[in-house]
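The structure appears below as structure tokens.
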Number of protein chains: 6
Amino acid sequence: MAGHYVVRNVDRAAPETIAALRAAGVATAHESAGRIGLLGPAIVARQAGTTIAGSAITVSSHPGDNLMLHAAVEMCRPGDILVVTTTSPSTDGMLGDLLATSLRAHGAIGVIMDAGVRDAAELRAMGFPVWTRAISPQGTVKASPGSVNVPIVVCGQTVGPGDVIVADDDGIVVVPRERAAAVLEKAKKRTASEQEKRAKLAAKELGVDMYHLRPLLADLGVEYR
Amino acid sequence: MAGHYVVRNVDRAAPETIAALRAAGVATAHESAGRIGLLGPAIVARQAGTTIAGSAITVSSHPGDNLMLHAAVEMCRPGDILVVTTTSPSTDGMLGDLLATSLRAHGAIGVIMDAGVRDAAELRAMGFPVWTRAISPQGTVKASPGSVNVPIVVCGQTVGPGDVIVADDDGIVVVPRERAAAVLEKAKKRTASEQEKRAKLAAKELGVDMYHLRPLLADLGVEYR
Amino acid sequence: MAGHYVVRNVDRAAPETIAALRAAGVATAHESAGRIGLLGPAIVARQAGTTIAGSAITVSSHPGDNLMLHAAVEMCRPGDILVVTTTSPSTDGMLGDLLATSLRAHGAIGVIMDAGVRDAAELRAMGFPVWTRAISPQGTVKASPGSVNVPIVVCGQTVGPGDVIVADDDGIVVVPRERAAAVLEKAKKRTASEQEKRAKLAAKELGVDMYHLRPLLADLGVEYR
Amino acid sequence: MAGHYVVRNVDRAAPETIAALRAAGVATAHESAGRIGLLGPAIVARQAGTTIAGSAITVSSHPGDNLMLHAAVEMCRPGDILVVTTTSPSTDGMLGDLLATSLRAHGAIGVIMDAGVRDAAELRAMGFPVWTRAISPQGTVKASPGSVNVPIVVCGQTVGPGDVIVADDDGIVVVPRERAAAVLEKAKKRTASEQEKRAKLAAKELGVDMYHLRPLLADLGVEYR
Amino acid sequence: MAGHYVVRNVDRAAPETIAALRAAGVATAHESAGRIGLLGPAIVARQAGTTIAGSAITVSSHPGDNLMLHAAVEMCRPGDILVVTTTSPSTDGMLGDLLATSLRAHGAIGVIMDAGVRDAAELRAMGFPVWTRAISPQGTVKASPGSVNVPIVVCGQTVGPGDVIVADDDGIVVVPRERAAAVLEKAKKRTASEQEKRAKLAAKELGVDMYHLRPLLADLGVEYR
Amino acid sequence: MAGHYVVRNVDRAAPETIAALRAAGVATAHESAGRIGLLGPAIVARQAGTTIAGSAITVSSHPGDNLMLHAAVEMCRPGDILVVTTTSPSTDGMLGDLLATSLRAHGAIGVIMDAGVRDAAELRAMGFPVWTRAISPQGTVKASPGSVNVPIVVCGQTVGPGDVIVADDDGIVVVPRERAAAVLEKAKKRTASEQEKRAKLAAKELGVDMYHLRPLLADLGVEYR
């Protein structure tokens with residue numbers, strides 16, 4: 001899509017699916033999706049101990065310019081998560097406490113920013129979670145066009161409007177909207193299986209026994225001395 | 001300046017100007033200075049939730065050598081901030097709890113280090129704030145000449161002795177001493193204006209309306225669908 | 001060593017030596033070892049305020065594959081620290097809360113990982129400390145051979161099985177097992193000397209006087225103005 | 001798509017469209033596509049002065065494993081370009097002169113590799129051009145599944161099988177197959193217009209006059225002194 | 001300076017001084033200047049074997065915007081070198097063969113760019129040398145204000161309009177205009193002394209003898225075995 | 001080893017073994033050594049098309065200080081290769097054409113430098129090959145102790161004095177002296193086998209057939225469509 005668009009209608013996954021994926025967490029959702037969908041390690045949590053899940057409102061923005069973030073606020077519904085990329089790499093502070101206040105007023109619950117944010121202390125004080133490439137007070141202009149709610153690429157993953165985002169201290173995973181229910185089913189089974197394994201491992205059972213890895217080690221020529 | 005100097009006399013900004021710039025914070029001071037003076041995103045706060053402002057005591061040091069930091073201690077007055085760069089990139093731990101103890105005894109309130117520091121836990125326990133490129137226990141020698149209180153360049157900004165440094169979780173801004181009062185005037189207006197805007201945005205007014213951005217979006221060819 | 005081995009017998013340093021090196025901390029142990037043995041600044045503490053010391057159980061692993069970590073659990077004794085490198089650079093999450101549960105059940109007290117870990121929040125909640133290059137939920141397979149308890153290289157340092165690892169907020173130092181007692185002797189003297197110096201510096205004595213640096217500064221041509 | 005697939009049928013753009021986009025070059029194709037489609041600056045040309053254009057055969061591979069590259073050779077038709085990404089970041093040498101010989105035998109004219117290659121000198125001697133993130137002799141295994149001819153993401157861009165790739169010393173641009181003809185039309189106009197501008201500029205006409213930038217500079221408050 | 005300015009009058013060093021500094025080369029000029037003035041290792045030569053020296057025309061530009069480069073062309077005199085920085089880090093291609101054609105028509109002999117350039121092959125074919133942080137075809141807009149011929153900071157060095165720039169395969173050094181003649185005197189002596197040393201070293205005299213380093217090695221406790 | 005030593009006696013591999021490993025090249029030597037011994041991708045060839053092999057003379061140096069390189073020259077014998085690391089990361093230019101002249105006069109045939117070199121153009125003109133982390137004219141002092149011919153770690157590999165170094169456009173591999181003959185035997189077989197494979201692949205035989213990969217692809221669940 002070569003022009004610049006703000007797309008109003010976004011299909012979202014069912015709220016209970018989103019809530020259950022949040023409970024599963026990033027690592028489990030990613031494994032259950034077939035070990036795909038992670039937004040690289042470059043975008044990191046800027047507050048410890050927070051997990052969010054919601055529907056993506058996507059923004060493609062010129063670097064150093066937050067005009068399209070303002071256009072995106074109007075598109076947010078309660079529970080949405082703003083996901084922002086720039087057309088060239090940037091660490092500028094695209095968002096501060098003012099824009100966070102506006103986003104929260106319209107229901108957004110957090111931001112994934114492949115660039116920088118400013119007012120880090122205020123955002124923490126507000127309890128408004130952000131995952132970002134950088135913290136930088138560098139201000140931005142409001143001058144260049146971009147798009148809202150078109151598919152974007154963030155850290156090697158395609159994120160479409162309405163896709164489910166789960167983010168915690170480990171990072172961020174995107175689950176395509178139409179796959180969300182199926183991924184959730186697998187995540188539930190995985191969570192159950194992990195609890196069992198955790199109990200066994202805590203009771204000193206070895207992974208090499210529990211996962212039957214001893215024959216594999218022998219086959220691979222690993223020699224015990 | 002090709003030789004090595006320790007300059008004793010440093011003109012400083014008025015204490016009340018410095019205190020007021022601290023209250024404004026890094027992002028506002030930077031915007032009020034004309035969106036200039038940020039010390040890049042590579043030097044980061046090593047303790048959350050601390051804001052300091054003070055007059056720069058500058059140090060240009062050989063990498064891996066902290067001789068000139070010791071020479072700089074004597075030049076500190078209460079409220080000063082040590083700003084250190086090295087003549088080649090380095091991540092060595094140029095400063096630990098001993099030197100921090102010495103700096104504090106002479107009134108310094110924090111350090112901006114374009115290199116590494118060590119004893120990170122002890123510095124946090126002391127409540128002595130540092131902004132650094134790295135944490136590294138790598139020790140240093142005391143063998144090479146350098147300068148104190150000459151203009152230095154840190155992360156793309158010139159910092160002169162006596163310039164006002166403001167540092168918080170967002171990063172660091174330098175305000176030239178002779179511009180400090182003028183920047184403060186703008187910062188006060190900006191802070192007032194931001195409070196008004198924050199209230200409007202919290203009441204769900206959109207930035208695209210408040211900043212009159214809809215005509216700009218149309219002019220730029222951004223199409224709503 | 002070109003094949004793949006799991007070595008069962010590991011000589012360890014005396015527990016009281018290990019405990020005393022923990023009390024000395026990373027920076028002091030490193031200085032006392034002759035300013036060598038630091039594992040670079042790229043592997044960072046993922047929890048604030050924790051110091052551990054123990055004997056290294058070393059793992060050389062294929063990137064993106066945690067088979068050999070499972071093999072290593074069986075080799076752990078109470079107080080050991082797992083030190084993991086990969087044969088090519090990787091940020092994948094090689095270890096999560098399941099493997100940490102298993103390691104703890106077998107006595108391991110922490111992990112040094114030249115790659116990524118996942119389940120960062122759970123690891124913090126467990127109080128199981130990790131020093132890692134990255135946080136990443138990226139899952140791994142269990143398919144490729146590697147070695148346990150052979151000498152490995154991590155961030156420019158050779159780590160042998162049974163070497164003493166000390167890790168805190170500053171980073172990580174490795175002390176060869178056979179040098180541990182000698183390094184400890186020096187560390188004790190250094191700690192005592194540092195307490196004296198700290199007292200003097202807190203009483204405003206200058207480092208340039210305490211370390212007799214004024215003649216050196218003059219010799220180096222540093223001019224006071 | 002969560003499974004692993006090798007897709008045999010690939011729709012390609014018309015050969016004459018591909019040839020004409022090659023003549024336009026990367027920068028012009030990218031501008032004509034609406035300033036989108038660049039594969040970031042991290043993947044660089046490993047031979048000077050070569051421009052290629054062709055249809056993408058895409059590969060998604062496990063890092064450190066070149067099994068799927070072998071599977072991809074069979075899918076190549078004369079004029080195709082192999083575009084490879086890995087599921088985690090890797091610099092391993094996924095391809096050397098043997099695989100290049102095989103690719104060439106099946107008609108492939110070059111490789112875009114978001115990882116490393118080996119045998120760099122031999123590849124240059126063969127005249128087989130590669131654009132890669134790294135040069136590394138690190139060998140790989142043939143053990144893990146992946147996919148051929150599914151959409152992949154490389155350096156922030158989605159590349160689908162059959163999309164047109166243009167690569168030269170400047171970098172790489174992907175033009176979606178179905179947009180190739182339209183982009184070419186714009187590229188032709190742009191090339192003509194650039195020749196005109198080049199002649200004017202060579203005759204000392206200033207860009208500020210030719211592009212009518214003087215009023216803009218005045219509007220923006222740029223003051224001549 | 002908080003506004004945006006284009007300064008017309010630039011004082012330049014004497015042409016014969018500039019030519020002689022070119023003959024001395026970057027490393028010698030840097031040593032003769034007191035081992036200062038290097039523009040870091042991040043900006044690299046994009047053509048092998050070219051040395052240039054000239055007077056700096058400085059540009060401070062918004063990232064991703066080359067408006068001010070066009071404004072700078074008019075300020076160039078024969079023998080000048082354009083030195084460009086951006087107010088935030090950027091790798092966009094700020095300059096291609098069109099702008100290079102315009103610069104050459106007005107006498108500029110090369111460009112130092114703390115960002116990217118495009119049309120790398122064409123620039124090499126033109127014989128127009130550039131030192132840049134990146135090669136990137138990413139296009140730019142012409143929309144934001146900046147300054148020409150104000151002091152800028154590039155890779156940790158202040159560059160003023162009219163300062164002497166010397167650039168070769170090793171990198172770039174800036175010599176302040178008013179120090180150029182004095183630096184040249186030292187450079188001449190250094191070059192003469194280096195020729196003598198080269199002859200001795202080629203005749204197998206050891207540096208440890210020629211520089212009288214054996215006593216220093218003994219003093220430092222270096223033990224021969 | 002905590003002190004500083006210059007070790008005079010170095011055992012070297014047989015000259016014909018070294019010459020044959022040079023003929024095999026880096027990638028083959030590395031594979032034949034069991035896929036180990038590569039010095040990472042960060043140190044790169046600074047001249048195209050040159051392959052060298054020789055015995056390592058190792059140097060551990062303070063960053064920004066080339067004193068120990070001068071001490072190392074005396075230890076070189078015809079055919080040796082200087083391998084240099086620094087005790088902290090550095091990009092300074094530790095070596096230029098003078099030191100290269102001295103090294104060549106004493107028989108050294110190249111340098112592997114985990115730091116920077118200067119006089120890049122002169123080194124190319126001399127035909128003296130270097131593999132380095134950086135090109136930087138930044139000068140160094142001669143003031144700090146270090147060691148020559150002790151085991152060092154470079155880019156994750158231990159290099160001992162007398163170990164065989166092979167370096168080409170792909171990078172660098174170290175083969176421990178005592179394993180050199182055995183690795184050579186494997187390299188010869190591998191080279192022969194590769195010639196056979198190359199012929200088959202050039203004749204359009206597919207790797208998936210030649211390496212019998214089709215059953216593996218099926219087992220791994222890769223589905224052809």
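Lettering and numbering for the structure tokens are positional, with chains as A, B, ... in the shown order, residues counted from 1 in each chain, and ligands counted from 1 in the shown order.
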Apply DSSP to the structure's backbone, then extract all residues of range 41-162 of chain F labelled helix (DSSP H, G or I) and return them as a PyMOL selection string.
chain F and resi 67-73+97-105+120-126
Give me the residues near range 51-53 of chain E as a list in words, where near means some atom within 7 Å (using only C-alpha atoms) and where sequence neighbours in that chain fewer than 5 positions away do not count.
Ile18, Ala19, Arg22, Val164, Ile165, Val166, Ala167 and Asp168 of chain E
List as number ranges by chain the protein and nucleic acid residues near range 199-206 of chain F, meaning an atom at most 9 Å away when only C-alpha atoms are counted, but skip any in the same chain fewer than 4 places from it.
D: 70-71, 73-74, 98-99, 101-106; F: 194-195, 210-211
The selected residues should be written to file as a CSV table (one decimal), in the first residue's frame (atoms: N, CA and C atoms).
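Okay, this is what ended up in result-v3.csv:
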chain,number,residue,atom,x,y,z
D,70,HIS,N,19.2,-26.1,0.8
D,70,HIS,CA,19.2,-27.2,-0.2
D,70,HIS,C,17.9,-27.5,-0.8
D,71,ALA,N,16.8,-27.5,0.1
D,71,ALA,CA,15.5,-27.7,-0.4
D,71,ALA,C,15.1,-26.7,-1.4
D,73,VAL,N,17.0,-25.0,-3.6
D,73,VAL,CA,17.6,-25.0,-4.9
D,73,VAL,C,16.7,-25.6,-6.0
D,74,GLU,N,16.0,-26.6,-5.6
D,74,GLU,CA,15.1,-27.3,-6.6
D,74,GLU,C,14.0,-26.4,-7.1
D,98,LEU,N,30.1,-24.3,-2.6
D,98,LEU,CA,29.4,-25.5,-3.0
D,98,LEU,C,27.9,-25.2,-3.3
D,99,LEU,N,27.2,-24.6,-2.3
D,99,LEU,CA,25.8,-24.3,-2.5
D,99,LEU,C,25.6,-23.2,-3.6
D,101,THR,N,27.5,-23.0,-6.2
D,101,THR,CA,27.6,-23.7,-7.5
D,101,THR,C,26.3,-24.4,-7.8
D,102,SER,N,25.6,-25.0,-6.8
D,102,SER,CA,24.4,-25.7,-7.0
D,102,SER,C,23.3,-24.7,-7.4
D,103,LEU,N,23.2,-23.5,-6.8
D,103,LEU,CA,22.2,-22.5,-7.1
D,103,LEU,C,22.4,-22.0,-8.6
D,104,ARG,N,23.6,-21.8,-8.9
D,104,ARG,CA,23.9,-21.3,-10.3
D,104,ARG,C,23.5,-22.4,-11.3
D,105,ALA,N,23.8,-23.6,-11.0
D,105,ALA,CA,23.4,-24.7,-11.9
D,105,ALA,C,21.9,-24.7,-12.2
D,106,HIS,N,21.2,-24.3,-11.2
D,106,HIS,CA,19.7,-24.3,-11.4
D,106,HIS,C,19.2,-22.9,-11.7
F,194,GLU,N,35.1,-32.3,-1.4
F,194,GLU,CA,34.4,-31.1,-1.8
F,194,GLU,C,34.5,-31.0,-3.4
F,195,GLN,N,35.7,-31.3,-3.9
F,195,GLN,CA,35.8,-31.2,-5.3
F,195,GLN,C,34.9,-32.1,-6.1
F,210,MET,N,22.0,-35.6,-3.2
F,210,MET,CA,23.4,-36.0,-2.9
F,210,MET,C,23.6,-36.2,-1.4
F,211,TYR,N,23.0,-35.4,-0.6
F,211,TYR,CA,23.1,-35.6,0.9
F,211,TYR,C,22.0,-36.5,1.5
Counting only C-alpha atoms, which residues of chain C come no farther than 9 Å from chain A, as a PyMOL selection string?
chain C and resi 3-9+67-68+70-71+73-74+91-92+97-99+101-106+117-121+134-140+142-147
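Pairwise distance (CA of Ala14 in chain A, CA of Gly107 in chain A) equals 16.4 Å.
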Identify, on the basis of only C-alpha atoms, every residue whose closest approach to Phe128 in chain C does not exceed 8 Å; exclude the query and any residue fewer than 6 positions from it along the same chain; express the result as a ChimeraX atom specification.
/C:100,104,109-110
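Between CA of Pro161 in chain E and CA of Thr85 in chain E the interatomic distance comes to 13.0 Å.
The spacing separating CA of Thr87 in chain E from CA of Arg46 in chain E amounts to 22.9 Å.
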Output as an MDAnalysis selection string all residues of chain F that backbone DSSP marks as strand (DSSP E or B).
chainID F and resid 4:6 38 44:45 52:61 65 80:86 93 110:117 130:135 141 147:148 152:154 157:159 164:168 171:175 222:224
Quick one: residues within 9 Å of Thr158 in chain F, only C-alpha atoms counted, chain neighbours fewer than 3 positions away excluded, as a list of chain:residue names?
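Counting only the stated atoms, we get C:Val153, C:Gly156, C:Gln157, C:Thr158, F:Gly37, F:Pro151, F:Ile152, F:Val153, F:Val154, F:Cys155, F:Val174.
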Could you write out the selected residues, including N, CA and C atoms, as a short mmCIF file (atom, residue, chain, number, x, y, z; two decimals), in the first residue's frame?
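So the final result, stored in result.cif, reads:
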data_model
loop_
_atom_site.label_atom_id
_atom_site.label_comp_id
_atom_site.auth_asym_id
_atom_site.auth_seq_id
_atom_site.Cartn_x
_atom_site.Cartn_y
_atom_site.Cartn_z
N VAL C 153 35.00 -20.49 26.73
CA VAL C 153 35.35 -19.07 26.73
C VAL C 153 34.07 -18.26 26.75
N GLY C 156 35.45 -13.35 26.46
CA GLY C 156 36.88 -13.11 26.49
C GLY C 156 37.63 -13.76 27.64
N GLN C 157 36.97 -14.58 28.45
CA GLN C 157 37.65 -15.23 29.56
C GLN C 157 37.47 -16.73 29.45
N THR C 158 38.51 -17.46 29.78
CA THR C 158 38.41 -18.91 29.86
C THR C 158 37.81 -19.27 31.23
N GLY F 37 37.20 -23.01 16.66
CA GLY F 37 38.40 -22.22 16.50
C GLY F 37 38.26 -20.92 15.74
N PRO F 151 49.08 -17.40 26.65
CA PRO F 151 47.79 -17.67 26.01
C PRO F 151 46.87 -16.46 26.16
N ILE F 152 46.20 -16.09 25.09
CA ILE F 152 45.26 -14.98 25.13
C ILE F 152 43.91 -15.45 24.58
N VAL F 153 42.88 -14.63 24.83
CA VAL F 153 41.57 -14.94 24.27
C VAL F 153 41.22 -13.84 23.28
N VAL F 154 40.87 -14.24 22.06
CA VAL F 154 40.49 -13.28 21.01
C VAL F 154 39.17 -13.72 20.42
N CYS F 155 38.16 -12.86 20.52
CA CYS F 155 36.86 -13.17 19.92
C CYS F 155 36.38 -14.57 20.30
N VAL F 174 41.99 -20.44 14.46
CA VAL F 174 43.19 -20.87 15.18
C VAL F 174 43.14 -22.39 15.30
#
